[in-house]
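Inspection log for the structure reproduced underneath, given as structure tokens.
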Amino acid sequence: MALACCAVHGTASLADDAGAAPPAYDASRWSYWGGDAGQTRYAPLNQINAANVARLKIAWRWSADTNGTGASNNFKSTPLLDDGVLYVPWLNHGVAAIDAGTGKTLWTFEPQPADIGNGTGSLNSRALAFWSDGREKRLIHNTLDGRLISIDARTGRADPHFGRNGWLDLRDNLDDMRPRVDVRSVSPAIVVGDVIVAQSLPRETFKKEATPGNFRGFDVRTGKQLWTFHVVPRPGEVGNETWEAGSWRWGGNAGTWTMMSADPKLGYVYIPTDTPANDFAGVDRPGDNLFAESILVLDARTGKRVWHFQTVHHGLWDYDNPAAPILHDIVRDGQRIPVATLLTKQNLVFTFNRITGEPIWPIHERPVPQSTVPGEKTSATQPFPSKPAPLSFLGYDENQLIDFTPQLRAEAVEIMKRYAKGPLFLPPIVAGENGLRGTWINPGYGGGAEWIGGAFDPDTGVLYVPIRHKPYAAAVAKADPARTNYAYLPSGNHVVTGPQGLPILKPPYSELVALDMNRGEHLWRIPVGGASDFIRNHPALKGLKLDFDRMGQYDIRPGLVLTKELIFMGESGSLPGQTGGPMLRAYDKRDGAVLWQEAMPALVTGAPMTYMHRGRQYVVLTVSQNGRPAEMIALSLDGTSESGAPPAAGVAVQAAPVTKTAAAASVPVSAEELALGGQVFGRLCAACHGATGQGGVGPSLTGRTDLANVALIIAEGQGQMPPLSAALAPKEIDAVAKYVVRSLRASPSRAPSPGPAMPPPEG
């Protein structure tokens, strides 16, 4: 059995920090996705409370985009707050600053070029990172197109001292032993002291020679790369022996796609890691595969491992750890202990002393079923925490199948004859083995607990975790050697649907679970909302006296935030963003009773946050849906904001800020101008920037949308580029600028060089 947990700690000063009081709460700041570096999602505010929450109304609405298209139908972000300004990821890998009291746009930022070849430019980014030394303030954006951008929070301009012209290409220096590949991130980096710890999600190539998602530390002021941690250990590094048969040479992924947490006083960053490539077949990577599917703790200053624990050995179920470890304290035998709690897709809850890595409650290695796939070498055991108990039933239990009627139960039992089924960690089979479609995986590899994690109340020691019940099936098939050198690849993985399109399991389909973390015990659980209209109106259920209101919404990942008395949580938030309902609810923290609910203008797709601004408490969240505006919504008592009382007809949706991409596309330009611009570009610019603007001696110009800035640089020059105002007439300069922004498009296969000759603007 490979090393499962190992701690490297030692100085007494660290132990002295155990249980130290957290920094004083500042109601005017929300500096991390989860409010604090420990991602607890707790704010000890009580202006909005159980007695008056019924007065909650919309105070303002800010529109990120009103198109309701694929770029904006899943607005997942939680805004950060500093000094009365909310900051949120925006379109085209940009950022928007919004007045916290009125919802008015203060500034928007879009990098140039708008995209470097791999990102969608959508609103799917979860959040930003924030840094300040008391004088300077920076927003750090780990983007969907693989950039790390530093933006001055006061001005909305790129920091010219960071990287090249304000950004780094995270494809560079990711791994010096692997090919350069596209990367992206949907989640924010985290800043610990003056170090940015950034994650990257490498593009999968469908070859076993994959790229590891290594973690890197960067100087927050300059962008200088300080260290790299190899998630697939090399010879001489801890864990290398867990990649047997030399598979460390080609094994990849195993980084993280989700949020991280940090203990700023210790200087540690806590990382939930990903499944190695490929997710469901491990013939090509024998061994336990550290540091995949682990909680990994690094010293943010040096990148050195402090401790780790692997939650899945040799993963075959896509059970990557989806949520940032929640850092909090518990009290046992009168002693306060600093802990890190890791929530998992498989609904197991792991709790560790966050300094030493020692489990708070015993974790047992239990025997698990072995694979029948030829050549697959599964782990003999998997870890199971003794406390808290699992958040749901695990594996297969026929008693949990749908049973609204005897016929539906019989149909469900018949459906299940098509699957291999058994306990948790039953490995995927070869598709078609014994006539079966695949292996039943429950909790499904979409969770269980998911990326929104949970929220912890330090006053009561209670952890609140939303979960969903949605089983999947997985199988593998022998790979085609003409297409890949993997031995096996996933084959026909799917959601296991029940009879007549209904869910295969009994309700509830989603729940909120409350855990007493001082004792490791379950307190209560409630369904999250009621059944969808599809289930309520299903012909097979017509005339049955069912309690639809307590079935829970199906296929949702709702985010939540805690205050002194309340839990605020929606009833949607899936990855595609289109399931669930529009309700936002306030629950009593003590027992989960619903105290208030109201339909939002669209589905609640982002996790809520809360703050005080000029004596008034706001609850803020993002909403979006196909065909609906993507918005940030603020609620307050009676809907009062810095703009005054809301209109009698309610607060109207605002016009969204215009992106530079849209502005560039709307610039009037004639065919003659484009022809002239193309001629001049070919004569004077192509030698340095390439015939299609792809870059050469000079940087790439593809994807630029900043028309006025391009025209200014052509005229006045910049860096190594000479001014051309003496060589070109004004109409020629204008024509070349229009040609650049209208005709030169980024290639999806190559990221442009940031280059010095025509740097992006600072805003």
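Going by the structure tokens order, chains are called A, B, ..., each with residues numbered from 1, while ligands are numbered from 1 in the order shown.
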
Quick one: residues within 9 Å of Phe681 of chain A, only C-alpha atoms, excluding same-chain residues fewer than 2 positions away - as number ranges by chain?
A: 676-679, 683-686, 691, 736, 739-740

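Close contacts of Trp524 of chain A, defined as residues with an atom at most 9 Å away when counting only C-alpha atoms, with chain neighbours fewer than 6 positions off set aside, comprise Leu512, Val513, Ala514, Leu515, Asp591 and Gly592 of chain A.
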
Pull the strand (DSSP E) assignments for segment 616-652 of chain A out of DSSP run on the backbone, and list those residues as a list in words.
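Answer for segment 616-652 of chain A restricted to strand (DSSP E) is Arg616, Gln617, Tyr618, Val619, Val620, Leu621, Thr622, Val623, Ser624, Gln625, Arg628, Pro629, Ala630, Glu631, Met632, Ile633, Ala634, Leu635, Ser636 and Leu637 of chain A.
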
When you look at Trp90 of chain A with a cut-off of 7 Å (counting only C-alpha atoms), what residues show up, excluding the ones that are within fewer than 4 positions of it in the same chain? I need them as an mmCIF file with C-alpha atoms, in the first residue's frame.
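This is the output file result_20.cif:
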```cif
data_model
loop_
_atom_site.group_PDB
_atom_site.id
_atom_site.type_symbol
_atom_site.label_atom_id
_atom_site.label_comp_id
_atom_site.auth_asym_id
_atom_site.auth_seq_id
_atom_site.Cartn_x
_atom_site.Cartn_y
_atom_site.Cartn_z
ATOM 1 C CA ALA A 64 -23.451 41.237 -16.806
ATOM 2 C CA GLY A 94 -12.537 40.399 -18.060
ATOM 3 C CA VAL A 95 -13.517 41.913 -14.730
ATOM 4 C CA ALA A 96 -16.265 44.318 -13.689
ATOM 5 C CA LEU A 123 -19.311 33.969 -17.305
#
```

Closest pair table for segment 414-520 of chain A residues within 12 Å of segment 260-269 of chain A, only C-alpha atoms, as JSON lines:
```
{"residue": "A:Trp451", "atom": "CA", "partner": "A:Met260", "partner_atom": "CA", "distance": 10.6}
{"residue": "A:Ile452", "atom": "CA", "partner": "A:Met260", "partner_atom": "CA", "distance": 11.6}
{"residue": "A:Gly453", "atom": "CA", "partner": "A:Met260", "partner_atom": "CA", "distance": 11.2}
```

Output file for the residues above (N, CA and C atoms, as an mmCIF file, in the first residue's frame):
```cif
data_model
loop_
_atom_site.group_PDB
_atom_site.id
_atom_site.type_symbol
_atom_site.label_atom_id
_atom_site.label_comp_id
_atom_site.auth_asym_id
_atom_site.auth_seq_id
_atom_site.Cartn_x
_atom_site.Cartn_y
_atom_site.Cartn_z
ATOM 1 N N TRP A 451 -18.680 21.243 -6.016
ATOM 2 C CA TRP A 451 -17.705 22.325 -5.941
ATOM 3 C C TRP A 451 -18.108 23.432 -4.993
ATOM 4 N N ILE A 452 -19.385 23.583 -4.720
ATOM 5 C CA ILE A 452 -19.805 24.634 -3.790
ATOM 6 C C ILE A 452 -19.504 24.240 -2.339
ATOM 7 N N GLY A 453 -19.174 22.974 -2.099
ATOM 8 C CA GLY A 453 -18.748 22.563 -0.766
ATOM 9 C C GLY A 453 -19.830 22.724 0.276
#
```

Would you work out the distance separating atom CA of Ala602 of chain A from atom CA of Thr256 of chain A, expressed in Å to one decimal?
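Those two atoms sit 29.5 Å apart.
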